[in-house]
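> Before I ask anything, let me first share the structure, which is written out below as structure tokens.
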Amino acid sequence: MSNANGSTPEDDAAFKQMLIADPENKKCFECGYPSAPWCDINHAVFVCLDCSGKHRGLGVHLSFVRSSTMDGWTNWKPEKLRQMQAGGNKKARLFFESKGVPKESVRERYNHDGALLYMDMLEATAAGKPFDPRTWKPPH
């Protein structure tokens, strides 16, 4: 059963578990603000309201933004919830650092090959498909 805002008890439980599993998810991935109720599904990171607007400006091909508290997930696209569960702020931060993804500009950050690779890896994981980063080709 959905709440008035679209989220289900299953959604709420899943996001509560994500916050417990990765305490970095409680803070905005971009600016560190202590409340991050928005999700960049493509990279499975949590962001604040201000940074969610910056992500929306990138276009859905780079950052698809949805609320972790107001939107439904299990009744919408359960694979996108699995994508969020496969990621998290800490995993993204460590991956981005290992690939030299820049921090300065949100646009440069998510157009970087490392961020694009991570996005495709998460999508494959959520879909239960194999993914070999050695054969991955950047989309540009």
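Chain labels follow the order of the structure tokens: the first chain is A, the next B, and so on; residue numbering restarts at 1 in every chain, and ligands are counted from 1 in their shown order.
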Can you write out as CSV which residues of region 59-126 of chain A fall within 7 Å of region 24-42 of chain A, alongside each residue's closest atom pair and its distance in Å to one decimal, counting only C-alpha atoms and ordering rows by chain and ascending residue number?

```
residue,atom,partner,partner_atom,distance
A:Leu62,CA,A:Asn42,CA,6.9
A:Ser63,CA,A:Asp40,CA,5.5
A:Phe64,CA,A:Asp40,CA,5.4
A:Val65,CA,A:Asp40,CA,4.7
A:Arg66,CA,A:Cys39,CA,5.3
A:Ser67,CA,A:Trp38,CA,4.5
A:Ser68,CA,A:Pro37,CA,5.5
A:Thr69,CA,A:Pro37,CA,6.5
A:Lys80,CA,A:Ile41,CA,6.7
A:Gln83,CA,A:Ile41,CA,7.0
A:Met84,CA,A:Ile41,CA,6.2
A:Gly88,CA,A:Asn25,CA,6.2
A:Asn89,CA,A:Asn25,CA,5.3
A:Lys90,CA,A:Glu24,CA,5.9
A:Met119,CA,A:Asn42,CA,5.4
```
> With a distance cut-off of 12 Å and only C-alpha atoms, select the neighbouring residues of Trp73 (chain A), excluding the residue or stretch itself and same-chain residues fewer than 2 positions from it, and output the selection as a PDB file with C-alpha atoms, in the first residue's frame.

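And here is the file that came out, selection.pdb:
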```
ATOM      1  CA  SER A   2       1.347   3.436  -0.948  1.00  0.00           C
ATOM      2  CA  ASN A   3       1.515   6.434   1.316  1.00  0.00           C
ATOM      3  CA  ASN A   5       3.156  10.646  -1.416  1.00  0.00           C
ATOM      4  CA  GLY A   6       3.703   7.521  -3.505  1.00  0.00           C
ATOM      5  CA  SER A   7       6.321   5.729  -1.421  1.00  0.00           C
ATOM      6  CA  THR A   8       5.460   2.318  -0.023  1.00  0.00           C
ATOM      7  CA  PRO A   9       6.445   0.766   3.313  1.00  0.00           C
ATOM      8  CA  GLU A  10       8.853  -1.407   1.293  1.00  0.00           C
ATOM      9  CA  ASP A  11      10.453   1.721  -0.186  1.00  0.00           C
ATOM     10  CA  ASP A  12      10.769   3.296   3.249  1.00  0.00           C
ATOM     11  CA  ALA A  13      12.377   0.143   4.678  1.00  0.00           C
ATOM     12  CA  ALA A  14      14.800  -0.134   1.747  1.00  0.00           C
ATOM     13  CA  PHE A  15      15.978   3.456   2.091  1.00  0.00           C
ATOM     14  CA  CYS A  39      18.699  10.392  -5.421  1.00  0.00           C
ATOM     15  CA  ILE A  41      19.600   7.040  -9.662  1.00  0.00           C
ATOM     16  CA  ARG A  66      13.972  11.045  -7.755  1.00  0.00           C
ATOM     17  CA  SER A  67      12.991  11.540  -4.119  1.00  0.00           C
ATOM     18  CA  SER A  68      13.849   8.826  -1.609  1.00  0.00           C
ATOM     19  CA  THR A  69      10.944   9.895   0.593  1.00  0.00           C
ATOM     20  CA  MET A  70       8.190  11.222  -1.663  1.00  0.00           C
ATOM     21  CA  ASP A  71       8.320   9.012  -4.743  1.00  0.00           C
ATOM     22  CA  ASN A  75       5.685   0.069  -7.718  1.00  0.00           C
ATOM     23  CA  TRP A  76       7.478   2.262 -10.277  1.00  0.00           C
ATOM     24  CA  LYS A  77      10.692   0.584 -11.445  1.00  0.00           C
ATOM     25  CA  PRO A  78      12.038  -1.898  -8.889  1.00  0.00           C
ATOM     26  CA  GLU A  79      15.268  -2.205 -10.883  1.00  0.00           C
ATOM     27  CA  LYS A  80      16.016   1.446 -10.084  1.00  0.00           C
ATOM     28  CA  LEU A  81      15.622   0.700  -6.380  1.00  0.00           C
ATOM     29  CA  ARG A  82      18.054  -2.218  -6.853  1.00  0.00           C
ATOM     30  CA  GLN A  83      20.415   0.213  -8.581  1.00  0.00           C
ATOM     31  CA  MET A  84      20.313   2.508  -5.531  1.00  0.00           C
ATOM     32  CA  GLN A  85      20.889  -0.499  -3.264  1.00  0.00           C
TER      33      GLN A  85
END
```
> Can you check which residues of chain A DSSP gives as helix (DSSP H, G or I) on the backbone and send them as a PyMOL selection string?
chain A and resi 9-21+23-26+49-56+78-86+89-99+106-111+113-127
> Store the residues of this selection in a file with C-alpha atoms, as a PDB file, in the first residue's frame.

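Below you can see result.pdb, which holds the result:
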```
ATOM      1  CA  PRO A   9       6.445   0.766   3.313  1.00  0.00           C
ATOM      2  CA  GLU A  10       8.853  -1.407   1.293  1.00  0.00           C
ATOM      3  CA  ASP A  11      10.453   1.721  -0.186  1.00  0.00           C
ATOM      4  CA  ASP A  12      10.769   3.296   3.249  1.00  0.00           C
ATOM      5  CA  ALA A  13      12.377   0.143   4.678  1.00  0.00           C
ATOM      6  CA  ALA A  14      14.800  -0.134   1.747  1.00  0.00           C
ATOM      7  CA  PHE A  15      15.978   3.456   2.091  1.00  0.00           C
ATOM      8  CA  LYS A  16      16.263   3.152   5.868  1.00  0.00           C
ATOM      9  CA  GLN A  17      18.529   0.136   5.312  1.00  0.00           C
ATOM     10  CA  MET A  18      20.627   2.078   2.774  1.00  0.00           C
ATOM     11  CA  LEU A  19      21.180   4.847   5.341  1.00  0.00           C
ATOM     12  CA  ILE A  20      22.236   2.281   7.951  1.00  0.00           C
ATOM     13  CA  ALA A  21      24.497   0.371   5.535  1.00  0.00           C
ATOM     14  CA  PRO A  23      26.346   6.453   6.770  1.00  0.00           C
ATOM     15  CA  GLU A  24      27.730   8.628   3.936  1.00  0.00           C
ATOM     16  CA  ASN A  25      24.263   8.365   2.344  1.00  0.00           C
ATOM     17  CA  LYS A  26      22.944  10.702   5.045  1.00  0.00           C
ATOM     18  CA  LEU A  49      17.638  19.697  -2.596  1.00  0.00           C
ATOM     19  CA  ASP A  50      20.015  22.326  -4.013  1.00  0.00           C
ATOM     20  CA  CYS A  51      22.297  19.784  -5.629  1.00  0.00           C
ATOM     21  CA  SER A  52      19.325  17.814  -6.960  1.00  0.00           C
ATOM     22  CA  GLY A  53      18.539  20.893  -9.062  1.00  0.00           C
ATOM     23  CA  LYS A  54      22.090  20.880 -10.453  1.00  0.00           C
ATOM     24  CA  HIS A  55      21.707  17.187 -11.274  1.00  0.00           C
ATOM     25  CA  ARG A  56      18.387  17.801 -13.010  1.00  0.00           C
ATOM     26  CA  PRO A  78      12.038  -1.898  -8.889  1.00  0.00           C
ATOM     27  CA  GLU A  79      15.268  -2.205 -10.883  1.00  0.00           C
ATOM     28  CA  LYS A  80      16.016   1.446 -10.084  1.00  0.00           C
ATOM     29  CA  LEU A  81      15.622   0.700  -6.380  1.00  0.00           C
ATOM     30  CA  ARG A  82      18.054  -2.218  -6.853  1.00  0.00           C
ATOM     31  CA  GLN A  83      20.415   0.213  -8.581  1.00  0.00           C
ATOM     32  CA  MET A  84      20.313   2.508  -5.531  1.00  0.00           C
ATOM     33  CA  GLN A  85      20.889  -0.499  -3.264  1.00  0.00           C
ATOM     34  CA  ALA A  86      23.904  -1.551  -5.355  1.00  0.00           C
ATOM     35  CA  ASN A  89      27.727   7.546  -1.633  1.00  0.00           C
ATOM     36  CA  LYS A  90      30.764   5.716  -0.265  1.00  0.00           C
ATOM     37  CA  LYS A  91      30.988   3.276  -3.178  1.00  0.00           C
ATOM     38  CA  ALA A  92      30.603   6.120  -5.673  1.00  0.00           C
ATOM     39  CA  ARG A  93      33.168   8.294  -3.874  1.00  0.00           C
ATOM     40  CA  LEU A  94      35.751   5.513  -3.812  1.00  0.00           C
ATOM     41  CA  PHE A  95      35.132   4.583  -7.445  1.00  0.00           C
ATOM     42  CA  PHE A  96      35.247   8.212  -8.592  1.00  0.00           C
ATOM     43  CA  GLU A  97      38.496   8.771  -6.676  1.00  0.00           C
ATOM     44  CA  SER A  98      40.040   5.658  -8.242  1.00  0.00           C
ATOM     45  CA  LYS A  99      39.133   6.894 -11.739  1.00  0.00           C
ATOM     46  CA  VAL A 106      29.023  18.845 -11.672  1.00  0.00           C
ATOM     47  CA  ARG A 107      28.797  18.891 -15.469  1.00  0.00           C
ATOM     48  CA  GLU A 108      32.435  17.818 -15.917  1.00  0.00           C
ATOM     49  CA  ARG A 109      32.080  15.256 -13.142  1.00  0.00           C
ATOM     50  CA  TYR A 110      29.193  13.352 -14.691  1.00  0.00           C
ATOM     51  CA  ASN A 111      30.468  13.640 -18.271  1.00  0.00           C
ATOM     52  CA  ASP A 113      34.440   8.541 -18.426  1.00  0.00           C
ATOM     53  CA  GLY A 114      34.799   7.251 -14.853  1.00  0.00           C
ATOM     54  CA  ALA A 115      31.306   8.459 -13.905  1.00  0.00           C
ATOM     55  CA  LEU A 116      29.847   7.092 -17.141  1.00  0.00           C
ATOM     56  CA  LEU A 117      31.525   3.734 -16.532  1.00  0.00           C
ATOM     57  CA  TYR A 118      30.160   3.616 -12.985  1.00  0.00           C
ATOM     58  CA  MET A 119      26.656   4.403 -14.233  1.00  0.00           C
ATOM     59  CA  ASP A 120      26.746   1.527 -16.726  1.00  0.00           C
ATOM     60  CA  MET A 121      28.182  -0.862 -14.122  1.00  0.00           C
ATOM     61  CA  LEU A 122      25.377  -0.058 -11.675  1.00  0.00           C
ATOM     62  CA  GLU A 123      22.710  -0.473 -14.319  1.00  0.00           C
ATOM     63  CA  ALA A 124      24.071  -3.892 -15.293  1.00  0.00           C
ATOM     64  CA  THR A 125      24.308  -4.972 -11.644  1.00  0.00           C
ATOM     65  CA  ALA A 126      20.708  -3.921 -10.966  1.00  0.00           C
ATOM     66  CA  ALA A 127      19.541  -5.822 -14.036  1.00  0.00           C
TER      67      ALA A 127
END
```
> Please identify the strand (DSSP E) residues within region 33-115 of chain A (assignment by DSSP from backbone atoms) and present them as number ranges by chain.
A: 38-40, 45-47, 65-67
> For the residues in the current selection, export C-alpha atoms as a PDB file, in the first residue's frame.

```
ATOM      1  CA  TRP A  38      17.096  13.092  -3.294  1.00  0.00           C
ATOM      2  CA  CYS A  39      18.699  10.392  -5.421  1.00  0.00           C
ATOM      3  CA  ASP A  40      20.732  10.491  -8.593  1.00  0.00           C
ATOM      4  CA  VAL A  45      24.040   8.645  -4.779  1.00  0.00           C
ATOM      5  CA  PHE A  46      22.096  10.782  -2.342  1.00  0.00           C
ATOM      6  CA  VAL A  47      22.001  14.553  -2.798  1.00  0.00           C
ATOM      7  CA  VAL A  65      16.709  12.465  -9.970  1.00  0.00           C
ATOM      8  CA  ARG A  66      13.972  11.045  -7.755  1.00  0.00           C
ATOM      9  CA  SER A  67      12.991  11.540  -4.119  1.00  0.00           C
TER      10      SER A  67
END
```
> Calculate how many Å separate CA of His61 (chain A) from CA of His112 (chain A), rounding to one decimal.
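Value for the CA of His61 (chain A)-CA of His112 (chain A) distance: 13.2 Å.
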